[in-house]
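K.L.:
The following file, protein32.cif, comprises mmCIF, C-alpha atoms and all ligand atoms:
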data_query
loop_
_atom_site.label_atom_id
_atom_site.label_comp_id
_atom_site.auth_asym_id
_atom_site.auth_seq_id
_atom_site.Cartn_x
_atom_site.Cartn_y
_atom_site.Cartn_z
CA MET W 1 -26.92 9.21 7.81
CA ALA W 2 -25.86 6.95 4.98
CA ILE W 3 -22.77 5.36 3.47
CA LEU W 4 -22.39 5.85 -0.28
CA LEU W 5 -20.89 2.92 -2.19
CA THR W 6 -19.62 3.96 -5.61
CA GLY W 7 -19.37 0.83 -7.75
CA GLY W 8 -21.57 -0.87 -5.16
CA MET W 9 -23.26 -3.14 -7.72
CA GLY W 10 -19.97 -4.94 -8.43
CA PHE W 11 -18.46 -8.07 -6.89
CA ILE W 12 -16.91 -6.55 -3.76
CA GLY W 13 -19.33 -3.63 -3.47
CA SER W 14 -22.43 -5.84 -3.42
CA HIS W 15 -20.99 -8.02 -0.64
CA THR W 16 -20.03 -4.90 1.30
CA ALA W 17 -23.56 -3.50 0.89
CA VAL W 18 -24.91 -6.69 2.50
CA GLU W 19 -22.52 -6.56 5.45
CA LEU W 20 -23.09 -2.82 6.06
CA ILE W 21 -26.88 -3.30 6.00
CA ASN W 22 -26.52 -6.25 8.38
CA GLU W 23 -24.64 -3.94 10.74
CA GLY W 24 -27.47 -1.37 10.64
CA TYR W 25 -25.98 1.16 8.18
CA GLU W 26 -28.12 2.88 5.57
CA VAL W 27 -26.53 2.12 2.20
CA ILE W 28 -26.78 4.11 -1.05
CA ILE W 29 -25.27 2.77 -4.27
CA ALA W 30 -24.02 4.80 -7.26
CA ASP W 31 -22.97 2.71 -10.25
CA ASN W 32 -23.14 3.03 -14.04
CA LEU W 33 -23.53 -0.75 -14.48
CA SER W 34 -20.54 -0.82 -16.86
CA ASN W 35 -19.44 -4.09 -15.22
CA SER W 36 -22.48 -5.19 -13.22
CA SER W 37 -26.13 -6.14 -13.47
CA PRO W 38 -29.24 -4.33 -12.19
CA LYS W 39 -30.31 -7.70 -10.74
CA VAL W 40 -27.77 -7.25 -7.93
CA LEU W 41 -30.14 -4.84 -6.21
CA GLU W 42 -32.95 -7.40 -5.84
CA ARG W 43 -30.44 -9.99 -4.67
CA ILE W 44 -29.19 -7.65 -1.94
CA GLU W 45 -32.82 -7.14 -0.93
CA THR W 46 -33.48 -10.89 -0.84
CA ILE W 47 -30.46 -11.44 1.42
CA THR W 48 -30.95 -8.49 3.78
CA GLY W 49 -34.62 -7.52 3.49
CA THR W 50 -33.53 -4.00 2.51
CA LYS W 51 -33.22 -2.52 -0.97
CA PRO W 52 -30.54 0.16 -1.05
CA LEU W 53 -31.32 3.43 -2.79
CA PHE W 54 -29.68 3.17 -6.23
CA TYR W 55 -28.42 5.89 -8.58
CA GLU W 56 -27.46 4.72 -12.07
CA ILE W 57 -24.80 7.35 -12.74
CA ASP W 58 -21.22 7.71 -13.89
CA VAL W 59 -19.44 8.84 -10.73
CA ALA W 60 -16.90 10.78 -12.80
CA VAL W 61 -19.72 13.23 -13.64
CA LYS W 62 -19.70 15.85 -10.92
CA LYS W 63 -23.25 17.17 -11.17
CA ASP W 64 -24.62 13.62 -10.86
CA VAL W 65 -22.56 12.93 -7.74
CA GLU W 66 -23.58 16.31 -6.30
CA LYS W 67 -27.23 15.32 -6.79
CA VAL W 68 -26.69 12.18 -4.69
CA PHE W 69 -25.19 14.32 -1.91
CA ASP W 70 -28.00 16.93 -2.22
CA GLU W 71 -30.72 14.31 -1.89
CA ASN W 72 -29.15 12.40 1.02
CA LYS W 73 -27.11 12.92 4.14
CA ILE W 74 -23.92 11.05 3.24
CA GLU W 75 -21.66 10.36 6.20
CA GLY W 76 -18.98 8.41 4.38
CA VAL W 77 -18.00 7.00 0.99
CA VAL W 78 -16.53 3.65 0.01
CA HIS W 79 -15.09 4.13 -3.46
CA PHE W 80 -15.12 0.87 -5.45
CA ALA W 81 -15.97 2.32 -8.87
CA GLY W 82 -13.31 1.74 -11.49
CA TYR W 83 -12.08 -0.63 -14.15
CA LYS W 84 -10.12 -3.63 -12.86
CA SER W 85 -8.74 -5.86 -15.60
CA VAL W 86 -4.94 -5.93 -15.70
CA PRO W 87 -4.60 -7.23 -19.32
CA GLU W 88 -7.30 -4.86 -20.60
CA SER W 89 -5.48 -1.96 -18.95
CA THR W 90 -2.38 -2.70 -21.03
CA ARG W 91 -4.50 -2.55 -24.22
CA ILE W 92 -6.52 0.59 -23.38
CA PRO W 93 -4.48 2.42 -20.74
CA LEU W 94 -6.06 5.82 -21.36
CA SER W 95 -9.55 4.49 -20.54
CA TYR W 96 -8.15 3.12 -17.28
CA TYR W 97 -6.48 6.38 -16.34
CA ARG W 98 -9.56 8.37 -17.40
CA ASN W 99 -12.10 6.27 -15.54
CA ASN W 100 -10.18 5.35 -12.41
CA ILE W 101 -8.56 8.74 -11.77
CA ASP W 102 -11.58 10.83 -12.82
CA THR W 103 -14.01 8.94 -10.60
CA ALA W 104 -11.71 9.31 -7.58
CA LEU W 105 -11.14 13.05 -8.20
CA THR W 106 -14.84 13.77 -8.69
CA VAL W 107 -15.89 11.90 -5.56
CA LEU W 108 -13.22 13.63 -3.45
CA GLU W 109 -14.11 17.07 -4.84
CA VAL W 110 -17.78 16.62 -4.02
CA MET W 111 -16.91 15.28 -0.57
CA LYS W 112 -14.90 18.43 0.12
CA GLU W 113 -17.69 20.71 -1.15
CA ARG W 114 -20.29 18.91 0.97
CA ASP W 115 -18.08 18.50 4.04
CA CYS W 116 -18.14 14.69 3.96
CA ARG W 117 -15.00 13.58 5.79
CA THR W 118 -14.87 9.80 5.69
CA PHE W 119 -13.42 7.86 2.74
CA VAL W 120 -12.50 4.23 2.16
CA PHE W 121 -10.71 3.28 -1.06
CA SER W 122 -10.35 -0.05 -2.91
CA SER W 123 -6.62 -0.29 -3.41
CA SER W 124 -4.70 -3.44 -4.20
CA ALA W 125 -1.71 -5.49 -3.08
CA THR W 126 -0.39 -4.79 -6.58
CA VAL W 127 1.08 -1.52 -5.15
CA TYR W 128 3.78 -3.63 -3.41
CA GLY W 129 5.27 -4.34 -6.86
CA ASP W 130 7.85 -7.04 -7.53
CA LYS W 131 10.77 -5.85 -5.35
CA ASN W 132 9.36 -6.48 -1.88
CA LYS W 133 9.44 -9.88 -0.21
CA ALA W 134 6.24 -11.37 1.28
CA PRO W 135 4.73 -10.96 3.81
CA PHE W 136 3.96 -7.46 2.57
CA ASN W 137 3.50 -4.85 5.28
CA GLU W 138 2.08 -1.37 4.93
CA GLU W 139 5.42 0.32 5.67
CA MET W 140 7.13 -1.21 2.63
CA PRO W 141 7.90 1.05 -0.33
CA THR W 142 5.29 0.87 -3.08
CA SER W 143 6.22 0.84 -6.75
CA THR W 144 4.78 1.40 -10.21
CA SER W 145 3.51 -1.58 -12.19
CA THR W 146 3.96 -2.86 -15.69
CA ASN W 147 0.27 -2.14 -16.22
CA ALA W 148 -1.95 0.94 -16.13
CA TYR W 149 -4.45 -0.65 -13.73
CA GLY W 150 -1.87 -1.02 -10.97
CA ASN W 151 -0.55 2.46 -11.62
CA THR W 152 -4.01 4.00 -11.16
CA LYS W 153 -4.19 2.40 -7.69
CA LEU W 154 -0.81 3.84 -6.76
CA MET W 155 -1.74 7.28 -8.11
CA ILE W 156 -5.08 7.37 -6.32
CA GLU W 157 -3.37 6.41 -3.05
CA GLN W 158 -1.09 9.44 -3.57
CA ILE W 159 -4.01 11.72 -4.47
CA VAL W 160 -5.81 10.70 -1.28
CA ARG W 161 -2.68 11.30 0.83
CA ASP W 162 -2.14 14.78 -0.67
CA PHE W 163 -5.80 15.63 -0.22
CA SER W 164 -5.74 14.35 3.35
CA ALA W 165 -2.70 16.51 4.12
CA SER W 166 -4.70 19.58 3.02
CA TRP W 167 -7.77 18.87 5.19
CA GLU W 168 -7.15 18.09 8.81
CA ASP W 169 -10.62 16.68 9.52
CA PHE W 170 -10.55 14.26 6.60
CA SER W 171 -10.14 10.56 7.28
CA ALA W 172 -9.30 7.85 4.76
CA VAL W 173 -8.45 4.17 4.78
CA LEU W 174 -6.66 2.79 1.72
CA LEU W 175 -7.58 -0.88 1.74
CA ARG W 176 -5.01 -3.01 -0.05
CA TYR W 177 -6.90 -6.14 -1.05
CA PHE W 178 -5.05 -9.37 -1.61
CA ASN W 179 -6.94 -11.98 -3.71
CA PRO W 180 -10.70 -11.87 -3.11
CA ILE W 181 -12.56 -15.04 -4.07
CA GLY W 182 -15.65 -16.89 -2.80
CA ALA W 183 -19.19 -15.57 -2.80
CA HIS W 184 -22.06 -14.95 -0.39
CA PRO W 185 -23.12 -18.32 1.08
CA SER W 186 -26.68 -17.76 -0.20
CA GLY W 187 -25.34 -18.21 -3.75
CA LEU W 188 -27.26 -15.07 -4.77
CA ILE W 189 -24.34 -12.68 -5.36
CA GLY W 190 -20.84 -13.40 -6.62
CA GLU W 191 -18.23 -12.59 -9.23
CA ALA W 192 -19.55 -12.48 -12.79
CA PRO W 193 -16.65 -11.79 -15.15
CA ASP W 194 -17.44 -10.71 -18.67
CA GLY W 195 -15.81 -13.05 -21.25
CA ILE W 196 -12.74 -15.17 -20.51
CA PRO W 197 -11.70 -14.72 -16.85
CA ASN W 198 -8.15 -13.57 -16.06
CA ASN W 199 -8.25 -14.51 -12.41
CA LEU W 200 -7.77 -17.98 -11.01
CA MET W 201 -11.02 -18.77 -9.18
CA PRO W 202 -13.49 -17.72 -11.91
CA TYR W 203 -11.41 -19.76 -14.34
CA ILE W 204 -11.62 -22.80 -12.04
CA THR W 205 -15.40 -22.48 -11.57
CA GLN W 206 -15.98 -22.00 -15.31
CA THR W 207 -13.91 -25.13 -15.95
CA ALA W 208 -15.96 -27.00 -13.35
CA VAL W 209 -19.23 -25.87 -14.95
CA GLY W 210 -17.98 -26.93 -18.41
CA VAL W 211 -17.61 -23.49 -20.03
CA ARG W 212 -13.79 -23.98 -20.21
CA GLU W 213 -12.11 -27.25 -21.14
CA PHE W 214 -9.21 -27.08 -18.67
CA LEU W 215 -7.43 -24.74 -16.29
CA GLY W 216 -4.01 -23.57 -17.49
CA VAL W 217 -1.60 -23.39 -14.53
CA PHE W 218 0.76 -20.49 -15.30
CA GLY W 219 4.23 -21.45 -14.11
CA THR W 220 5.47 -24.54 -12.26
CA ASP W 221 9.07 -23.44 -11.69
CA TYR W 222 8.61 -20.67 -9.13
CA ASP W 223 10.61 -20.75 -5.91
CA THR W 224 7.56 -21.97 -3.94
CA PRO W 225 6.81 -25.31 -2.22
CA ASP W 226 5.19 -26.88 -5.31
CA GLY W 227 6.58 -24.52 -7.97
CA THR W 228 3.25 -22.76 -8.66
CA GLY W 229 2.43 -19.17 -7.69
CA VAL W 230 1.42 -18.43 -4.10
CA ARG W 231 -1.32 -15.91 -3.23
CA ASP W 232 -3.23 -14.72 -0.18
CA PHE W 233 -6.79 -15.71 -1.12
CA ILE W 234 -9.42 -14.02 1.02
CA HIS W 235 -13.15 -14.76 1.21
CA VAL W 236 -15.13 -11.84 -0.21
CA VAL W 237 -17.45 -11.92 2.83
CA ASP W 238 -14.44 -11.46 5.13
CA LEU W 239 -13.23 -8.68 2.82
CA ALA W 240 -16.66 -7.02 2.97
CA ARG W 241 -16.59 -7.15 6.78
CA GLY W 242 -13.18 -5.49 6.58
CA HIS W 243 -14.92 -2.53 4.91
CA VAL W 244 -17.45 -2.32 7.74
CA ALA W 245 -14.53 -2.19 10.19
CA ALA W 246 -12.72 0.42 8.06
CA ILE W 247 -15.78 2.68 7.86
CA GLY W 248 -16.31 2.34 11.62
CA TYR W 249 -12.67 3.30 12.23
CA ALA W 250 -12.61 6.16 9.69
CA LEU W 251 -15.80 7.72 11.07
CA LYS W 252 -14.01 8.41 14.36
CA SER W 253 -10.48 9.20 13.11
CA LYS W 254 -8.49 11.74 11.15
CA GLY W 255 -5.71 11.27 8.62
CA THR W 256 -4.96 8.51 6.11
CA GLU W 257 -3.93 4.92 6.77
CA ALA W 258 -3.10 2.13 4.31
CA VAL W 259 -4.30 -1.25 5.57
CA ASN W 260 -3.86 -4.73 4.09
CA LEU W 261 -6.94 -6.92 3.79
CA GLY W 262 -5.57 -10.42 3.56
CA THR W 263 -5.55 -13.58 5.66
CA GLY W 264 -1.79 -13.53 6.21
CA ASN W 265 -1.48 -16.99 4.61
CA GLY W 266 -0.35 -17.94 1.15
CA SER W 267 -1.80 -20.85 -0.87
CA SER W 268 -0.39 -22.15 -4.13
CA VAL W 269 -2.36 -22.44 -7.36
CA LEU W 270 -2.30 -26.25 -7.13
CA GLU W 271 -3.38 -26.11 -3.49
CA VAL W 272 -6.41 -24.07 -4.53
CA VAL W 273 -7.24 -26.56 -7.29
CA HIS W 274 -6.99 -29.51 -4.89
CA THR W 275 -9.02 -27.78 -2.16
CA PHE W 276 -11.68 -26.90 -4.75
CA GLU W 277 -11.84 -30.54 -5.87
CA GLU W 278 -12.10 -31.77 -2.28
CA ALA W 279 -14.67 -29.19 -1.14
CA ASN W 280 -16.96 -29.84 -4.09
CA ASP W 281 -16.22 -33.45 -4.95
CA LEU W 282 -15.23 -32.50 -8.49
CA LYS W 283 -12.26 -32.96 -10.80
CA ILE W 284 -10.63 -29.95 -12.50
CA PRO W 285 -8.62 -30.83 -15.62
CA VAL W 286 -5.36 -28.85 -15.55
CA LYS W 287 -2.65 -28.16 -18.12
CA LEU W 288 0.77 -27.04 -16.86
CA LEU W 289 1.85 -23.95 -18.84
CA PRO W 290 4.72 -21.43 -18.81
CA ARG W 291 4.67 -18.41 -16.47
CA ARG W 292 2.28 -15.53 -17.19
CA PRO W 293 4.24 -12.31 -17.80
CA GLY W 294 4.00 -9.82 -14.94
CA ASP W 295 3.25 -12.40 -12.21
CA VAL W 296 5.20 -12.49 -8.96
CA ALA W 297 6.05 -15.85 -7.34
CA THR W 298 4.63 -15.16 -3.89
CA SER W 299 2.25 -12.57 -2.50
CA PHE W 300 0.71 -12.60 0.94
CA ALA W 301 -0.09 -10.04 3.60
CA LEU W 302 1.15 -9.24 7.02
CA ALA W 303 -2.35 -8.90 8.46
CA THR W 304 -1.56 -7.47 11.90
CA LYS W 305 -2.31 -3.78 11.17
CA ALA W 306 -5.93 -4.55 10.22
CA LYS W 307 -6.35 -6.40 13.50
CA GLU W 308 -4.74 -3.71 15.65
CA LEU W 309 -6.24 -0.65 13.94
CA LEU W 310 -9.60 -1.90 12.69
CA GLY W 311 -10.19 -4.83 15.04
CA TRP W 312 -10.75 -7.03 11.97
CA GLU W 313 -9.30 -10.33 10.89
CA ALA W 314 -10.25 -12.88 8.24
CA LYS W 315 -12.09 -15.91 9.60
CA LEU W 316 -13.15 -18.03 6.63
CA THR W 317 -10.95 -20.80 5.21
CA LEU W 318 -9.81 -21.73 1.71
CA PHE W 319 -12.30 -24.62 1.92
CA ASP W 320 -15.14 -22.11 2.58
CA MET W 321 -13.95 -19.96 -0.34
CA CYS W 322 -13.93 -22.95 -2.71
CA LYS W 323 -17.36 -24.18 -1.56
CA ASP W 324 -18.99 -20.75 -1.85
CA SER W 325 -17.38 -19.95 -5.21
CA TRP W 326 -18.82 -23.17 -6.62
CA ASN W 327 -22.21 -22.68 -4.97
CA TRP W 328 -22.46 -19.29 -6.73
CA GLN W 329 -21.23 -20.58 -10.11
CA LYS W 330 -23.44 -23.67 -10.22
CA ASN W 331 -26.56 -21.68 -9.27
CA ASN W 332 -25.68 -18.94 -11.78
CA PRO W 333 -23.80 -20.65 -14.64
CA LYS W 334 -24.12 -17.48 -16.75
CA GLY W 335 -23.58 -15.00 -13.94
CA TYR W 336 -26.57 -12.65 -13.64
CA ASN W 337 -27.78 -13.36 -17.21
P1 LIG R 401 -16.35 -4.85 -10.26
O1 LIG R 401 -16.01 -4.51 -11.66
O2 LIG R 401 -17.20 -6.03 -10.00
O3 LIG R 401 -17.05 -3.58 -9.55
C1 LIG R 401 -16.75 -2.26 -9.93
C2 LIG R 401 -18.06 -1.53 -10.15
O4 LIG R 401 -17.79 -0.17 -10.53
C3 LIG R 401 -18.92 -2.13 -11.28
O5 LIG R 401 -20.23 -2.38 -10.80
C4 LIG R 401 -18.93 -1.05 -12.36
O6 LIG R 401 -20.15 -1.04 -13.08
C5 LIG R 401 -18.71 0.21 -11.54
N1 LIG R 401 -18.09 1.33 -12.27
C6 LIG R 401 -16.97 1.36 -13.02
N2 LIG R 401 -16.75 2.60 -13.49
C7 LIG R 401 -17.75 3.39 -13.02
C8 LIG R 401 -18.08 4.76 -13.16
N3 LIG R 401 -17.34 5.59 -13.90
N4 LIG R 401 -19.19 5.23 -12.54
C9 LIG R 401 -19.97 4.39 -11.80
N5 LIG R 401 -19.71 3.09 -11.63
C10 LIG R 401 -18.61 2.60 -12.24
O7 LIG R 401 -14.99 -4.95 -9.44
P2 LIG R 401 -14.70 -5.53 -7.98
O8 LIG R 401 -13.98 -6.79 -8.13
O9 LIG R 401 -15.93 -5.46 -7.16
O10 LIG R 401 -13.65 -4.44 -7.50
C11 LIG R 401 -14.05 -3.28 -6.80
C12 LIG R 401 -12.85 -2.38 -6.62
O11 LIG R 401 -11.84 -3.11 -5.94
C13 LIG R 401 -12.22 -1.90 -7.93
O12 LIG R 401 -11.78 -0.57 -7.75
C14 LIG R 401 -11.04 -2.83 -8.11
O13 LIG R 401 -10.02 -2.25 -8.86
C15 LIG R 401 -10.61 -3.06 -6.67
N6 LIG R 401 -9.87 -4.32 -6.48
C16 LIG R 401 -10.44 -5.50 -6.88
C17 LIG R 401 -9.73 -6.69 -6.72
C18 LIG R 401 -10.32 -8.00 -7.16
O14 LIG R 401 -9.59 -8.99 -7.19
N7 LIG R 401 -11.62 -8.10 -7.47
C19 LIG R 401 -8.44 -6.66 -6.16
C20 LIG R 401 -7.90 -5.44 -5.75
C21 LIG R 401 -8.64 -4.27 -5.92
C1 LIG R 402 -4.03 -10.30 -10.59
C2 LIG R 402 -3.42 -9.02 -11.07
C3 LIG R 402 -3.39 -8.02 -9.92
C4 LIG R 402 -4.80 -7.82 -9.37
C5 LIG R 402 -5.36 -9.18 -8.95
C6 LIG R 402 -6.77 -9.10 -8.44
C7 LIG R 402 -1.86 -9.70 -12.86
C8 LIG R 402 -0.44 -9.79 -13.26
N1 LIG R 402 -2.08 -9.28 -11.58
O1 LIG R 402 -3.25 -10.77 -9.54
O2 LIG R 402 -2.87 -6.79 -10.35
O3 LIG R 402 -4.79 -6.93 -8.26
O4 LIG R 402 -5.33 -10.07 -10.08
O5 LIG R 402 -7.63 -8.72 -9.47
O6 LIG R 402 -2.77 -9.97 -13.64
N2 LIG R 402 -3.38 -18.43 -12.54
C9 LIG R 402 -3.30 -19.58 -13.26
N3 LIG R 402 -4.22 -19.81 -14.24
C10 LIG R 402 -5.23 -18.92 -14.52
C11 LIG R 402 -5.31 -17.74 -13.77
C12 LIG R 402 -4.36 -17.51 -12.79
O7 LIG R 402 -2.41 -20.42 -13.04
O8 LIG R 402 -6.03 -19.19 -15.44
C13 LIG R 402 -2.39 -18.20 -11.46
C14 LIG R 402 -1.56 -16.93 -11.67
O9 LIG R 402 -0.45 -17.20 -12.48
C15 LIG R 402 -1.22 -16.58 -10.21
C16 LIG R 402 -2.44 -17.06 -9.41
O10 LIG R 402 -3.09 -18.01 -10.26
O11 LIG R 402 -0.09 -17.30 -9.79
C17 LIG R 402 -3.41 -15.96 -9.07
O12 LIG R 402 -3.75 -15.26 -10.27
P1 LIG R 402 -4.88 -14.13 -10.32
O13 LIG R 402 -6.15 -14.67 -9.77
O14 LIG R 402 -4.91 -13.59 -11.72
O15 LIG R 402 -4.37 -13.02 -9.30
P2 LIG R 402 -2.94 -12.25 -9.23
O16 LIG R 402 -2.00 -12.74 -10.23
O17 LIG R 402 -2.51 -12.29 -7.83
#
Now, as a test, write the supplied structure out as structure tokens.
Ligand code: NAD
Ligand code: UD1
P.N.:
Amino acid sequence: MAILLTGGMGFIGSHTAVELINEGYEVIIADNLSNSSPKVLERIETITGTKPLFYEIDVAVKKDVEKVFDENKIEGVVHFAGYKSVPESTRIPLSYYRNNIDTALTVLEVMKERDCRTFVFSSSATVYGDKNKAPFNEEMPTSTSTNAYGNTKLMIEQIVRDFSASWEDFSAVLLRYFNPIGAHPSGLIGEAPDGIPNNLMPYITQTAVGVREFLGVFGTDYDTPDGTGVRDFIHVVDLARGHVAAIGYALKSKGTEAVNLGTGNGSSVLEVVHTFEEANDLKIPVKLLPRRPGDVATSFALATKAKELLGWEAKLTLFDMCKDSWNWQKNNPKGYN
């Protein structure tokens, strides 16, 4: 019995593969390597001693996904595959709708055909929109975004709920991630953005390694303790363990639940910069800039549902996240290249 990770070669998928293998699960990965490197597989093997079975396929293509199910006994699926850049999604929205929605539909269709009843989905805190006030809890109304990426997450959540309502034995957990950063403490796997990073931590580490001259801090006049944006940063290893807990829960449940994966604490952009400097004994040059369009002032989770339902809570600190992000970046200044 195996767990299929679509998009399992990516940042969050690779860390989840490691944690699932450590917990004794058999892991199979399906990924088209559109945003990841084949080297991830060897790195997972170095860390765990096990090389997952790997299918290089587009998971929107039904016959290829069917082949994976025909050749293996798949007990559950964690669906990571998709495009994830917010700014890119505003430039090429149709590609985002095509890839993110198609992959989800294909995987769910094949699961139904092959009677596979357990599904975990990579959703995002972005579904809380800009009208709710943090801490965000799972009962709050969700809303559409100003970008196609966020809208695909909202739509897929709805697709899963409708599908779940039609199949009593189906079980799904919609994991709403807050801000995953950090890397495996081995320094062997981590986030490897293509081109100029949009997210805070890869921008900080690239500045520290000398690829970028300075970090632009977007907005210093928010209604927050130091005026900069506040986010719920979560260590990717904690996040990965959250998936192990979600799969364990979903395997013995029915119905669909949305669950936040966050620490429950907010940290400001400047707090992250200062913690990074302290953890790594480095200086990050910063330039204070105007707000970035589309950003909310404060986003952090109410993390109690994950604890009560899944028995999971985040354990690693912002200091750990900063140390491990830098350990990964300095050992792999060009990512997997
Ligand atoms: P990632 O880009 O590193 O991983 C996604 C993987 O999916 C990549 O390996 C890519 O090659 C693969 N992929 C994309 N389209 C595919 C297709 N059609 N067929 C097969 N493989 C395909 O991203 P990540 O940061 O690991 O994120 C994983 C998931 O979590 C994504 O769905 C993302 O939207 C979601 N998410 C990420 C964050 C974050 O901050 N990283 C936050 C919230 C939600
Ligand atoms: C962004 C996405 C969100 C997505 C999430 C995880 C937007 C508007 N939102 O969220 O949909 O789910 O990434 O992928 O893009 N910052 C800087 N300088 C930088 C980069 C970021 O000051 O160079 C600030 C931002 O203004 C923000 C904070 O750092 O206040 C965190 O930014 P980021 O890492 O991009 O995450 P989110 O904005 O939370």
K.L.:
With 7 Å as the threshold, what does the neighbourhood of (-9.0, -8.3, -14.6) contain in terms of residues, counting only C-alpha atoms? Coordinates are those of the file; answer as an mmCIF file with C-alpha atoms, in the coordinates of the input.
P.N.:
data_model
loop_
_atom_site.group_PDB
_atom_site.id
_atom_site.type_symbol
_atom_site.label_atom_id
_atom_site.label_comp_id
_atom_site.auth_asym_id
_atom_site.auth_seq_id
_atom_site.Cartn_x
_atom_site.Cartn_y
_atom_site.Cartn_z
ATOM 1 C CA LYS W 84 -10.120 -3.630 -12.860
ATOM 2 C CA SER W 85 -8.740 -5.860 -15.600
ATOM 3 C CA VAL W 86 -4.940 -5.930 -15.700
ATOM 4 C CA PRO W 87 -4.600 -7.230 -19.320
ATOM 5 C CA ASN W 198 -8.150 -13.570 -16.060
ATOM 6 C CA ASN W 199 -8.250 -14.510 -12.410
#
K.L.:
If we count all atoms listed in the file, what is near Arg43 (chain W) at a cut-off of 9 Å, once residues fewer than 5 positions away on the same chain are taken out, given as a PDB file with C-alpha atoms, in the coordinates of the input?
P.N.:
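Contents of out_28.pdb, freshly written:
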ATOM      1  CA  THR W  48     -30.950  -8.490   3.780  1.00  0.00           C
ATOM      2  CA  LYS W  51     -33.220  -2.520  -0.970  1.00  0.00           C
ATOM      3  CA  LEU W 188     -27.260 -15.070  -4.770  1.00  0.00           C
ATOM      4  CA  ILE W 189     -24.340 -12.680  -5.360  1.00  0.00           C
TER       5      ILE W 189
END
K.L.:
Ligand LIG 402 (chain R): which residues are within 9 Å, counting all atoms listed in the file, as a PyMOL selection string?
P.N.:
chain W and resi 84-87+123-127+145-147+149-150+177-181+197-204+215-220+228-233+268-270+272+288-289+291-299
K.L.:
My list of candidates is W:Leu108, W:Leu239, W:Ala192, W:Ala172. Which is closest to Ala17 (chain W) when distances are computed with all atoms listed in the file?
P.N.:
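Distance minimum relative to Ala17 (chain W) lands on W:Leu239.
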K.L.:
Write out as a ChimeraX atom specification which residues come within 10 Å of Lys305 (chain W) when counting only C-alpha atoms, dropping same-chain ones fewer than 6 positions away.
P.N.:
/W:137-138,257-261,311-313
K.L.:
Name the residues within 7 Å of (-5.6, -11.3, 7.3), counting all atoms listed in the file in the file's coordinates, and put them as a VMD selection string.
P.N.:
chain W and resid 261 to 264 301 303 313 to 314
K.L.:
Show me which residues line ligand LIG 401 (chain R), defined as having an atom within 7 Å of a ligand atom where all atoms listed in the file count, and present them as a ChimeraX atom specification.
P.N.:
/W:6-13,30-36,57-60,80-84,99,103,122-125,176-180,191
K.L.:
Which residues, written as a list in words, have at least one atom at most 9 Å from Arg117 (chain W), with all atoms listed in the file counted and residues fewer than 2 positions away on the same chain left out?
P.N.:
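That gives Glu75, Gly76, Val77, Met111, Lys112, Arg114, Asp115, Phe119, Trp167, Asp169, Phe170, Ser171, Ala172, Ala250, Leu251 and Lys254 of chain W.
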K.L.:
Please measure the separation of CA of Phe54 (chain W) and CA of Gly24 (chain W), giving the value in Å to one decimal.
P.N.:
17.6 Å
K.L.:
Could you name the residues that touch region 1-4 of chain W at 7 Å or less, counting only C-alpha atoms, but leaving out those on the same chain fewer than 5 positions away, as a ChimeraX atom specification?
P.N.:
/W:25-29,73-78
K.L.:
Export N, CA, C and O atoms of region 211-218 of chain W from the structure just given, as an mmCIF file, in the first residue's frame?
P.N.:
data_model
loop_
_atom_site.group_PDB
_atom_site.id
_atom_site.type_symbol
_atom_site.label_atom_id
_atom_site.label_comp_id
_atom_site.auth_asym_id
_atom_site.auth_seq_id
_atom_site.Cartn_x
_atom_site.Cartn_y
_atom_site.Cartn_z
ATOM 1 N N VAL W 211 23.645 36.982 -4.511
ATOM 2 C CA VAL W 211 22.988 36.991 -5.828
ATOM 3 C C VAL W 211 22.154 38.264 -5.989
ATOM 4 O O VAL W 211 21.990 38.793 -7.088
ATOM 5 N N ARG W 212 21.589 38.765 -4.884
ATOM 6 C CA ARG W 212 20.813 40.031 -4.894
ATOM 7 C C ARG W 212 21.552 41.039 -4.029
ATOM 8 O O ARG W 212 22.152 40.670 -3.010
ATOM 9 N N GLU W 213 21.434 42.307 -4.427
ATOM 10 C CA GLU W 213 22.191 43.359 -3.738
ATOM 11 C C GLU W 213 21.597 43.697 -2.367
ATOM 12 O O GLU W 213 22.314 43.925 -1.396
ATOM 13 N N PHE W 214 20.251 43.777 -2.326
ATOM 14 C CA PHE W 214 19.571 44.135 -1.073
ATOM 15 C C PHE W 214 18.174 43.537 -1.084
ATOM 16 O O PHE W 214 17.647 43.190 -2.153
ATOM 17 N N LEU W 215 17.581 43.470 0.117
ATOM 18 C CA LEU W 215 16.191 43.029 0.222
ATOM 19 C C LEU W 215 15.299 44.269 0.231
ATOM 20 O O LEU W 215 15.494 45.164 1.071
ATOM 21 N N GLY W 216 14.327 44.330 -0.660
ATOM 22 C CA GLY W 216 13.330 45.401 -0.600
ATOM 23 C C GLY W 216 12.259 44.994 0.406
ATOM 24 O O GLY W 216 11.717 43.897 0.304
ATOM 25 N N VAL W 217 11.999 45.863 1.391
ATOM 26 C CA VAL W 217 10.928 45.589 2.359
ATOM 27 C C VAL W 217 9.677 46.320 1.850
ATOM 28 O O VAL W 217 9.655 47.552 1.775
ATOM 29 N N PHE W 218 8.647 45.536 1.491
ATOM 30 C CA PHE W 218 7.465 46.113 0.842
ATOM 31 C C PHE W 218 6.449 46.616 1.863
ATOM 32 O O PHE W 218 5.596 45.861 2.316
#
